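Colleague: Hey, dropping run_9.cif in here, mmCIF, C-alpha atoms:
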```
data_final
#
loop_
_atom_site.label_atom_id
_atom_site.label_comp_id
_atom_site.auth_asym_id
_atom_site.auth_seq_id
_atom_site.Cartn_x
_atom_site.Cartn_y
_atom_site.Cartn_z
CA MET A 1 -21.89 -53.86 3.79
CA LYS A 2 -18.71 -52.33 5.11
CA ARG A 3 -17.12 -49.69 2.94
CA TYR A 4 -13.59 -48.59 3.69
CA TYR A 5 -12.93 -44.99 2.75
CA ILE A 6 -9.78 -43.09 3.51
CA PRO A 7 -10.07 -39.41 4.54
CA VAL A 8 -9.19 -37.21 1.58
CA LEU A 9 -8.10 -33.65 1.07
CA ALA A 10 -10.82 -31.14 0.49
CA LEU A 11 -10.80 -31.25 -3.27
CA ALA A 12 -13.76 -29.88 -5.19
CA LEU A 13 -15.36 -32.11 -7.75
CA ALA A 14 -15.20 -30.93 -11.33
CA LEU A 15 -16.76 -32.00 -14.57
CA THR A 16 -14.77 -32.78 -17.67
CA ALA A 17 -14.11 -29.99 -20.11
CA CYS A 18 -16.62 -31.27 -22.60
CA ASP A 19 -19.69 -29.02 -22.45
CA LYS A 20 -21.31 -29.81 -25.76
CA GLU A 21 -23.18 -32.73 -27.17
CA ASP A 22 -20.66 -35.30 -28.41
CA SER A 23 -20.52 -36.90 -31.84
CA ARG A 24 -22.76 -39.77 -30.77
CA GLY A 25 -25.54 -37.47 -29.61
CA ILE A 26 -24.93 -37.96 -25.89
CA GLU A 27 -25.74 -34.91 -23.80
CA PRO A 28 -23.02 -33.94 -21.27
CA GLY A 29 -25.24 -34.76 -18.29
CA ASP A 30 -25.86 -38.25 -19.66
CA MET A 31 -22.18 -39.23 -19.77
CA ILE A 32 -20.39 -41.01 -16.95
CA GLU A 33 -17.83 -38.49 -15.79
CA PHE A 34 -15.11 -38.52 -13.15
CA GLY A 35 -14.53 -35.72 -10.67
CA LEU A 36 -11.14 -34.46 -9.53
CA PRO A 37 -9.48 -37.43 -7.81
CA GLY A 38 -9.15 -37.15 -4.04
CA ILE A 39 -5.83 -38.27 -2.54
CA GLN A 40 -5.34 -38.86 1.15
CA LEU A 41 -2.22 -37.10 2.41
CA ASP A 42 -1.82 -34.86 5.43
CA GLY A 43 0.53 -31.98 4.68
CA THR A 44 2.59 -31.12 1.63
CA SER A 45 4.71 -33.82 0.05
CA ARG A 46 8.44 -33.65 0.71
CA GLY A 47 11.50 -34.60 -1.26
CA GLY A 48 10.47 -34.03 -4.84
CA SER A 49 7.63 -35.58 -6.76
CA VAL A 50 6.64 -38.38 -4.39
CA PRO A 51 4.47 -38.95 -2.54
CA VAL A 52 1.91 -36.92 -4.43
CA ASN A 53 -1.01 -35.05 -2.95
CA GLU A 54 -2.43 -34.28 -6.39
CA LEU A 55 -2.17 -36.19 -9.63
CA PRO A 56 0.27 -34.56 -12.06
CA ASP A 57 -1.36 -32.64 -14.89
CA GLY A 58 -1.63 -34.92 -17.92
CA SER A 59 -1.33 -38.14 -15.94
CA SER A 60 -3.86 -40.92 -16.27
CA PHE A 61 -5.40 -43.79 -14.33
CA GLY A 62 -7.20 -46.98 -15.32
CA VAL A 63 -10.85 -47.70 -14.47
CA PHE A 64 -13.11 -50.74 -14.28
CA GLY A 65 -16.88 -50.05 -14.37
CA TYR A 66 -19.86 -52.29 -13.53
CA CYS A 67 -23.65 -52.00 -13.49
CA LEU A 68 -25.77 -54.94 -14.73
CA ALA A 69 -25.35 -58.57 -13.76
CA GLN A 70 -25.92 -61.28 -16.35
CA LYS A 71 -28.59 -63.96 -16.20
CA ALA A 72 -26.34 -66.93 -15.38
CA PRO A 73 -22.64 -67.86 -15.51
CA ASP A 74 -23.15 -69.34 -18.97
CA ASP A 75 -25.81 -66.85 -20.10
CA PRO A 76 -24.49 -63.29 -20.79
CA THR A 77 -27.98 -61.79 -21.14
CA PRO A 78 -28.04 -58.56 -19.04
CA VAL A 79 -30.63 -58.58 -16.25
CA GLU A 80 -32.19 -55.12 -16.06
CA ALA A 81 -33.67 -55.86 -12.63
CA SER A 82 -30.13 -56.21 -11.25
CA GLY A 83 -29.37 -52.56 -11.95
CA ALA A 84 -30.86 -51.35 -8.66
CA LEU A 85 -29.26 -54.12 -6.59
CA PRO A 86 -26.30 -53.22 -4.36
CA TRP A 87 -22.88 -54.53 -5.31
CA GLU A 88 -22.89 -57.33 -2.74
CA ASN A 89 -26.06 -58.80 -4.22
CA LYS A 90 -24.90 -58.92 -7.82
CA LYS A 91 -21.09 -59.12 -7.81
CA ASN A 92 -21.02 -62.91 -8.40
CA LEU A 93 -22.67 -62.48 -11.81
CA ILE A 94 -21.29 -59.16 -12.95
CA LYS A 95 -18.50 -58.30 -15.37
CA PRO A 96 -16.79 -54.97 -16.21
CA THR A 97 -19.01 -54.26 -19.20
CA LEU A 98 -18.95 -50.45 -18.76
CA PHE A 99 -15.18 -50.02 -18.47
CA TYR A 100 -12.30 -52.45 -18.55
CA GLN A 101 -8.86 -50.99 -18.00
CA LYS A 102 -10.18 -47.70 -19.39
CA GLU A 103 -7.67 -44.85 -19.47
CA VAL A 104 -8.92 -41.65 -17.85
CA THR A 105 -6.74 -38.54 -18.15
CA TYR A 106 -6.44 -35.85 -15.48
CA SER A 107 -5.99 -32.35 -16.89
CA GLY A 108 -5.53 -30.38 -13.69
CA SER A 109 -9.08 -29.05 -13.83
CA GLY A 110 -11.01 -32.22 -14.67
CA CYS A 111 -10.93 -35.75 -16.05
CA SER A 112 -11.78 -37.05 -19.51
CA TYR A 113 -11.65 -40.23 -21.56
CA GLU A 114 -12.28 -41.25 -25.16
CA ASN A 115 -15.64 -42.54 -26.40
CA PRO A 116 -17.83 -41.38 -23.49
CA VAL A 117 -20.09 -44.00 -21.93
CA PRO A 118 -23.63 -42.92 -20.97
CA TRP A 119 -25.34 -43.60 -17.68
CA LYS A 120 -28.19 -46.06 -18.05
CA LYS A 121 -31.62 -44.43 -17.99
CA PRO A 122 -33.07 -45.67 -14.67
CA ALA A 123 -31.99 -43.25 -11.96
CA ASP A 124 -31.89 -45.89 -9.22
CA TYR A 125 -29.27 -48.10 -10.88
CA LEU A 126 -26.20 -48.74 -8.73
CA TYR A 127 -22.72 -48.74 -10.25
CA ALA A 128 -19.29 -49.85 -9.03
CA PHE A 129 -15.94 -48.39 -10.12
CA PHE A 130 -12.42 -49.54 -9.32
CA ALA A 131 -9.27 -47.70 -10.38
CA TYR A 132 -5.48 -47.80 -10.27
CA TYR A 133 -2.78 -45.17 -10.80
CA PRO A 134 -0.59 -44.73 -12.78
CA PHE A 135 -2.06 -46.17 -15.97
CA ALA A 136 1.05 -46.61 -18.15
CA PRO A 137 1.94 -50.32 -18.41
CA GLU A 138 5.61 -49.59 -17.78
CA SER A 139 4.71 -48.00 -14.44
CA GLY A 140 4.21 -51.37 -12.80
CA PHE A 141 0.51 -52.32 -12.95
CA SER A 142 -0.68 -55.41 -14.83
CA MET A 143 -4.03 -57.15 -15.07
CA ILE A 144 -4.80 -60.44 -13.36
CA SER A 145 -8.53 -60.55 -14.01
CA ASP A 146 -9.83 -60.13 -17.56
CA GLU A 147 -13.04 -58.85 -19.13
CA ASP A 148 -14.76 -62.19 -18.52
CA THR A 149 -13.98 -62.33 -14.78
CA PHE A 150 -16.99 -62.05 -12.48
CA GLY A 151 -16.86 -59.67 -9.55
CA ALA A 152 -14.33 -57.06 -8.52
CA PRO A 153 -11.08 -56.99 -10.50
CA SER A 154 -7.61 -58.05 -9.42
CA VAL A 155 -4.53 -56.13 -10.46
CA LYS A 156 -0.86 -56.57 -9.72
CA PHE A 157 1.70 -53.90 -8.98
CA THR A 158 5.33 -54.84 -9.65
CA MET A 159 8.24 -52.59 -8.73
CA PRO A 160 9.88 -51.39 -11.99
CA VAL A 161 13.39 -52.56 -11.14
CA GLY A 162 14.49 -54.30 -14.32
CA ALA A 163 17.04 -57.09 -13.92
CA ALA A 164 17.92 -56.33 -10.30
CA ASN A 165 19.28 -59.65 -9.07
CA SER A 166 22.47 -58.74 -7.22
CA ILE A 167 23.07 -56.80 -4.03
CA ASN A 168 25.52 -54.65 -6.01
CA TYR A 169 22.87 -53.69 -8.58
CA ASP A 170 22.32 -49.92 -8.49
CA LEU A 171 18.62 -49.24 -7.94
CA ASP A 172 17.08 -45.90 -8.88
CA GLN A 173 14.39 -44.71 -6.49
CA HIS A 174 13.24 -42.21 -9.13
CA ASP A 175 11.81 -45.13 -11.12
CA ILE A 176 9.31 -46.01 -8.38
CA PRO A 177 5.85 -44.51 -8.98
CA ASP A 178 3.52 -43.50 -6.20
CA ALA A 179 1.19 -46.42 -6.85
CA MET A 180 -2.42 -45.94 -5.72
CA VAL A 181 -5.82 -47.61 -6.01
CA ALA A 182 -9.40 -46.43 -5.52
CA GLN A 183 -12.93 -47.75 -5.38
CA GLU A 184 -16.46 -46.36 -5.38
CA ILE A 185 -19.30 -48.82 -4.82
CA ASP A 186 -23.06 -48.30 -5.26
CA VAL A 187 -22.72 -44.99 -7.09
CA THR A 188 -25.91 -43.59 -8.63
CA ARG A 189 -26.45 -41.43 -11.66
CA GLY A 190 -27.62 -38.71 -9.30
CA SER A 191 -24.07 -38.37 -8.02
CA GLY A 192 -23.35 -36.35 -11.17
CA VAL A 193 -19.71 -37.45 -11.31
CA VAL A 194 -17.78 -40.40 -9.93
CA PRO A 195 -15.61 -39.11 -7.05
CA LEU A 196 -12.68 -41.54 -6.99
CA HIS A 197 -10.70 -41.47 -3.73
CA PHE A 198 -7.17 -42.78 -4.22
CA TYR A 199 -4.93 -44.12 -1.49
CA HIS A 200 -1.28 -45.17 -1.53
CA ILE A 201 -0.30 -48.85 -1.51
CA LEU A 202 3.44 -48.44 -0.87
CA ALA A 203 5.15 -47.47 2.38
CA GLY A 204 7.40 -44.40 2.42
CA LEU A 205 10.77 -44.01 4.12
CA ASN A 206 12.50 -40.75 5.01
CA PHE A 207 15.89 -40.65 6.75
CA GLN A 208 17.19 -38.37 9.49
CA VAL A 209 20.60 -38.20 11.22
CA ASN A 210 20.91 -36.80 14.76
CA ASN A 211 24.31 -35.96 16.25
CA TYR A 212 23.78 -36.04 20.01
CA ASN A 213 27.48 -35.59 20.86
CA LYS A 214 27.15 -32.16 22.36
CA ASP A 215 29.39 -31.34 25.29
CA GLN A 216 27.08 -30.98 28.30
CA GLU A 217 29.51 -28.79 30.23
CA ASP A 218 30.31 -26.59 27.25
CA PRO A 219 27.20 -26.51 24.99
CA GLY A 220 29.07 -24.62 22.30
CA THR A 221 31.45 -27.48 21.65
CA GLY A 222 31.24 -31.04 20.41
CA ILE A 223 32.46 -33.32 17.67
CA GLU A 224 31.23 -32.88 14.09
CA LEU A 225 29.79 -35.90 12.31
CA ILE A 226 30.29 -36.24 8.55
CA VAL A 227 28.06 -38.63 6.62
CA HIS A 228 29.70 -39.81 3.39
CA SER A 229 27.07 -42.24 2.14
CA LEU A 230 23.77 -43.78 3.18
CA LYS A 231 22.41 -46.89 1.47
CA LEU A 232 19.59 -49.39 1.77
CA GLN A 233 20.59 -52.75 0.33
CA GLY A 234 19.61 -56.40 0.27
CA THR A 235 16.61 -58.39 -0.95
CA PHE A 236 13.34 -56.45 -1.34
CA TYR A 237 9.77 -57.55 -2.00
CA LYS A 238 8.79 -56.92 -5.57
CA SER A 239 5.02 -57.06 -6.00
CA ILE A 240 1.55 -56.66 -4.52
CA VAL A 241 -1.64 -58.28 -5.79
CA ILE A 242 -4.67 -56.08 -5.11
CA ASN A 243 -7.88 -58.10 -4.97
CA PHE A 244 -10.43 -55.34 -4.63
CA ASP A 245 -12.92 -57.63 -2.87
CA LYS A 246 -10.42 -59.47 -0.69
CA GLY A 247 -7.43 -57.28 0.11
CA TYR A 248 -3.74 -57.71 -0.67
CA ASP A 249 -1.52 -60.70 -1.47
CA TYR A 250 2.27 -60.61 -1.53
CA PRO A 251 3.95 -63.21 -3.79
CA ALA A 252 6.67 -64.47 -1.46
CA ASP A 253 8.84 -65.75 -4.31
CA GLU A 254 8.89 -62.42 -6.16
CA THR A 255 11.83 -60.41 -4.85
CA TYR A 256 14.70 -58.35 -6.21
CA GLN A 257 18.18 -57.52 -4.99
CA GLY A 258 20.13 -54.32 -5.15
CA THR A 259 21.18 -51.10 -3.45
CA TYR A 260 19.38 -47.78 -3.14
CA THR A 261 21.99 -45.06 -2.63
CA LEU A 262 20.30 -42.26 -0.70
CA VAL A 263 23.38 -40.14 0.01
CA ASN A 264 26.63 -40.19 -1.97
CA SER A 265 28.24 -36.86 -1.04
CA ASP A 266 29.49 -35.50 2.27
CA ILE A 267 26.93 -34.05 4.69
CA SER A 268 28.17 -32.22 7.79
CA ILE A 269 26.16 -32.56 11.01
CA PRO A 270 27.63 -30.40 13.80
CA ALA A 271 27.36 -31.57 17.39
CA GLY A 272 23.90 -31.15 18.86
CA THR A 273 22.18 -30.77 15.47
CA SER A 274 20.10 -32.88 13.08
CA LYS A 275 19.70 -33.29 9.34
CA SER A 276 16.21 -34.24 8.23
CA GLN A 277 15.13 -35.64 4.88
CA ILE A 278 18.55 -37.03 4.06
CA GLY A 279 18.55 -37.79 0.35
CA GLU A 280 16.51 -36.35 -2.49
CA ARG A 281 13.08 -37.79 -1.81
CA THR A 282 10.92 -40.26 0.07
CA LEU A 283 11.84 -43.85 -0.77
CA LEU A 284 8.77 -45.96 -1.65
CA LEU A 285 8.84 -49.71 -0.97
CA VAL A 286 6.56 -52.74 -0.89
CA SER A 287 5.80 -53.58 2.74
CA ASN A 288 4.83 -57.24 3.01
CA ILE A 289 2.63 -57.18 6.08
CA SER A 290 1.98 -60.91 5.75
CA GLN A 291 5.64 -61.59 6.58
CA THR A 292 5.78 -62.83 10.17
CA GLY A 293 9.02 -64.80 10.26
CA ALA A 294 12.21 -63.58 11.89
CA GLU A 295 14.45 -64.18 8.86
CA ASN A 296 13.05 -61.44 6.63
CA GLY A 297 11.63 -58.09 7.60
CA TYR A 298 8.55 -56.42 6.22
CA PHE A 299 10.63 -54.73 3.50
CA GLY A 300 12.68 -57.89 2.93
CA ASN A 301 16.11 -59.02 4.06
CA ILE A 302 17.72 -55.60 3.97
CA GLU A 303 20.19 -53.40 5.84
CA VAL A 304 20.78 -49.68 6.29
CA VAL A 305 24.47 -48.97 5.60
CA ILE A 306 26.03 -45.67 6.64
CA GLU A 307 29.62 -44.54 6.02
CA TYR A 308 30.76 -41.66 8.21
CA THR A 309 33.67 -39.90 9.87
CA PHE A 310 33.70 -39.00 13.56
CA ASP A 311 36.62 -37.59 15.51
CA GLY A 312 38.95 -38.18 12.55
CA GLU A 313 38.06 -41.87 12.14
CA ARG A 314 36.16 -43.12 9.08
CA LYS A 315 33.82 -46.05 9.68
CA THR A 316 30.98 -48.05 8.10
CA GLN A 317 28.06 -49.33 10.15
CA ARG A 318 25.19 -51.65 9.21
CA PHE A 319 21.73 -51.97 10.72
CA SER A 320 18.95 -54.49 10.31
CA ARG A 321 15.28 -53.66 10.81
CA PRO A 322 14.34 -53.17 14.48
CA GLU A 323 12.03 -55.99 15.55
CA ASN A 324 9.33 -53.54 16.63
CA PHE A 325 9.19 -51.80 13.25
CA LEU A 326 6.07 -52.99 11.44
CA PRO A 327 5.63 -50.68 8.43
CA ALA A 328 2.18 -50.39 6.92
CA GLY A 329 1.47 -49.52 3.32
CA GLY A 330 0.14 -46.00 2.94
CA THR A 331 2.22 -44.59 5.80
CA ILE A 332 5.40 -42.51 5.73
CA TYR A 333 8.08 -43.35 8.30
CA THR A 334 11.29 -41.62 9.32
CA ALA A 335 14.33 -43.78 9.96
CA GLN A 336 16.27 -41.92 12.65
CA LEU A 337 20.01 -42.62 12.84
CA ASN A 338 20.86 -41.34 16.30
CA PHE A 339 24.61 -40.89 16.84
CA ILE A 340 25.40 -41.22 20.55
CA GLY A 341 28.97 -41.47 21.84
CA ASN A 342 30.74 -43.13 18.94
CA ALA A 343 27.96 -45.36 17.57
CA PHE A 344 24.56 -45.14 15.92
CA VAL A 345 21.21 -46.28 17.23
CA LEU A 346 18.51 -46.87 14.60
CA ASN A 347 14.89 -46.01 15.31
CA PHE A 348 11.81 -45.81 13.07
CA ILE A 349 8.90 -43.47 13.78
CA VAL A 350 5.70 -42.59 11.96
CA ASP A 351 6.19 -39.25 10.26
CA ASN A 352 3.18 -37.52 11.79
CA ASN A 353 3.53 -34.37 9.72
CA TYR A 354 3.36 -36.32 6.49
CA GLN A 355 1.27 -39.30 7.44
CA TRP A 356 -0.74 -41.01 4.73
CA GLU A 357 -2.88 -42.93 7.17
CA ASP A 358 -3.16 -43.47 10.87
CA GLY A 359 -0.63 -46.29 11.01
CA GLY A 360 -1.76 -49.80 11.84
CA ASP A 361 -2.84 -52.54 9.49
CA SER A 362 -3.03 -51.45 5.87
CA ASP A 363 -4.34 -54.77 4.57
CA ILE A 364 -7.40 -53.07 3.10
CA THR A 365 -10.34 -55.37 2.52
CA PHE A 366 -13.57 -54.53 0.77
CA GLU A 367 -16.44 -56.38 2.41
#
```
Starting from the file, give its structure as structure tokens.

Modeller:
Amino acid sequence: MKRYYIPVLALALALTACDKEDSRGIEPGDMIEFGLPGIQLDGTSRGGSVPVNELPDGSSFGVFGYCLAQKAPDDPTPVEASGALPWENKKNLIKPTLFYQKEVTYSGSGCSYENPVPWKKPADYLYAFFAYYPFAPESGFSMISDEDTFGAPSVKFTMPVGAANSINYDLDQHDIPDAMVAQEIDVTRGSGVVPLHFYHILAGLNFQVNNYNKDQEDPGTGIELIVHSLKLQGTFYKSIVINFDKGYDYPADETYQGTYTLVNSDISIPAGTSKSQIGERTLLLVSNISQTGAENGYFGNIEVVIEYTFDGERKTQRFSRPENFLPAGGTIYTAQLNFIGNAFVLNFIVDNNYQWEDGGDSDITFE
């Protein structure tokens, strides 16, 4: 069985704060506990609170937990002999009887949840856990599978954009959470805690402006570039369905329209210089990697719009996605606006200093 794990930061595992027998008589070592979540991110996050490299103190994530399969599709009797079977051998007759959409809270030093659930007595039983972050319903996650669904769960992430249905609708990038999912399959009681490893499902965009109009004969001179505004506008993809056993689906008919304003005040870029991380923070977007047509890009039918002044003349320029830009979820990219002569050239590169994964196909499958 293939298991896809993303490299994570070196985070120590920690137990929950509870160190005494609980009200139901369960000893601490008998409870299913979750270690400090690991999050894959190389480097320190830029531009404010996203993307995260550690869950915020007091935040929470939702968990599904599985152990015993039932006797038959129409017979819910638990089969004890299935406890030691690997996930692949029992997933067709197993339901989330341990946890279903269970809220687990991260405290900064550990994780906890209400009404602790004990490990089952046999030490060789194999468990499966699936998780999503953030937990709050208004953050964008909703359930597709229910408590009676066999096998791994399916959840849906929807961008929290309200009634955005016009290109002139002002979109707020601060509303977009750093959505993540995690899985741990064939965990044993001997693991002590469940070490959930989260990875990002959205693609990140940073913006950089380079003014290459430096006088070659007189390096100390050149024409200043002033950026007045920078926007991303058009039709964006709205949702991702995460089927933990089968990968991602992108509902093609679920889109939204609007404008993300990244810069709305003057920024001076002298000749021969650059301005990195234009705007407050990394913009997170759904990247529909199943989109192969020429009409819409992987982020949707969108344009980068920049308003600027150069050599005393104020202009507005629009750019569509370069054909060779294939953004993967879980990767941060930098959109470089290279000003050469009196025009811009748009180029996208993987931001290697802040790369969530090694580029490539992010259509994660669990097989």

Colleague: Name the residues that the PyMOL selection byres ((chain A and resi 70-78) around 8) pulls out of this structure, and write them as number ranges by chain.

Modeller: A: 68-69, 79-80, 93-94

Colleague: Given the file shown, enumerate the residues that the PyMOL selection byres ((chain A and resi 118) around 8) captures and present them as a PyMOL selection string.

Modeller: chain A and resi 26+30-32+116-117+119-120

Colleague: For this file, the PyMOL selection byres ((chain A and resi 250) around 12) selects which residues, as a ChimeraX atom specification?

Modeller: /A:156-158,236-243,247-249,251-255,286-291,298-300,363

Colleague: Create the file for the chosen residues now, containing C-alpha atoms and written as a PDB file, in the coordinates of the input.

Modeller:
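Result saved to part.pdb:
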```
ATOM      1  CA  LYS A 156      -0.860 -56.570  -9.720  1.00  0.00           C
ATOM      2  CA  PHE A 157       1.700 -53.900  -8.980  1.00  0.00           C
ATOM      3  CA  THR A 158       5.330 -54.840  -9.650  1.00  0.00           C
ATOM      4  CA  PHE A 236      13.340 -56.450  -1.340  1.00  0.00           C
ATOM      5  CA  TYR A 237       9.770 -57.550  -2.000  1.00  0.00           C
ATOM      6  CA  LYS A 238       8.790 -56.920  -5.570  1.00  0.00           C
ATOM      7  CA  SER A 239       5.020 -57.060  -6.000  1.00  0.00           C
ATOM      8  CA  ILE A 240       1.550 -56.660  -4.520  1.00  0.00           C
ATOM      9  CA  VAL A 241      -1.640 -58.280  -5.790  1.00  0.00           C
ATOM     10  CA  ILE A 242      -4.670 -56.080  -5.110  1.00  0.00           C
ATOM     11  CA  ASN A 243      -7.880 -58.100  -4.970  1.00  0.00           C
ATOM     12  CA  GLY A 247      -7.430 -57.280   0.110  1.00  0.00           C
ATOM     13  CA  TYR A 248      -3.740 -57.710  -0.670  1.00  0.00           C
ATOM     14  CA  ASP A 249      -1.520 -60.700  -1.470  1.00  0.00           C
ATOM     15  CA  PRO A 251       3.950 -63.210  -3.790  1.00  0.00           C
ATOM     16  CA  ALA A 252       6.670 -64.470  -1.460  1.00  0.00           C
ATOM     17  CA  ASP A 253       8.840 -65.750  -4.310  1.00  0.00           C
ATOM     18  CA  GLU A 254       8.890 -62.420  -6.160  1.00  0.00           C
ATOM     19  CA  THR A 255      11.830 -60.410  -4.850  1.00  0.00           C
ATOM     20  CA  VAL A 286       6.560 -52.740  -0.890  1.00  0.00           C
ATOM     21  CA  SER A 287       5.800 -53.580   2.740  1.00  0.00           C
ATOM     22  CA  ASN A 288       4.830 -57.240   3.010  1.00  0.00           C
ATOM     23  CA  ILE A 289       2.630 -57.180   6.080  1.00  0.00           C
ATOM     24  CA  SER A 290       1.980 -60.910   5.750  1.00  0.00           C
ATOM     25  CA  GLN A 291       5.640 -61.590   6.580  1.00  0.00           C
ATOM     26  CA  TYR A 298       8.550 -56.420   6.220  1.00  0.00           C
ATOM     27  CA  PHE A 299      10.630 -54.730   3.500  1.00  0.00           C
ATOM     28  CA  GLY A 300      12.680 -57.890   2.930  1.00  0.00           C
ATOM     29  CA  ASP A 363      -4.340 -54.770   4.570  1.00  0.00           C
TER      30      ASP A 363
END
```

Colleague: Just the residues within 12 Å of range 190-192 of chain A, please, counting all atoms listed in the file, with nothing from its chain fewer than 4 positions along; format it as a ChimeraX atom specification.

Modeller: /A:13-16,28-35,118-127,184-186,196

Colleague: Pick out the closest residue to Pro177 in chain A from this set: A:Leu205, A:Ala271, A:Val263, A:Leu283. Count all atoms listed in the file.

Modeller: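 Nearest to Pro177 in chain A: A:Leu283.
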
Colleague: For Arg281 in chain A, which of A:Asp172, A:Asp148, A:Glu138, A:Glu224 is the closest residue, counting only C-alpha atoms?

Modeller: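 Distance minimum relative to Arg281 in chain A lands on A:Asp172.
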
Colleague: So how far away is CA of Val227 in chain A from CA of Gln317 in chain A, in Å?

Modeller: 11.3 Å

Colleague: Distance CA of Gly222 in chain A-CA of Ile340 in chain A, one decimal place?

Modeller: 11.7 Å
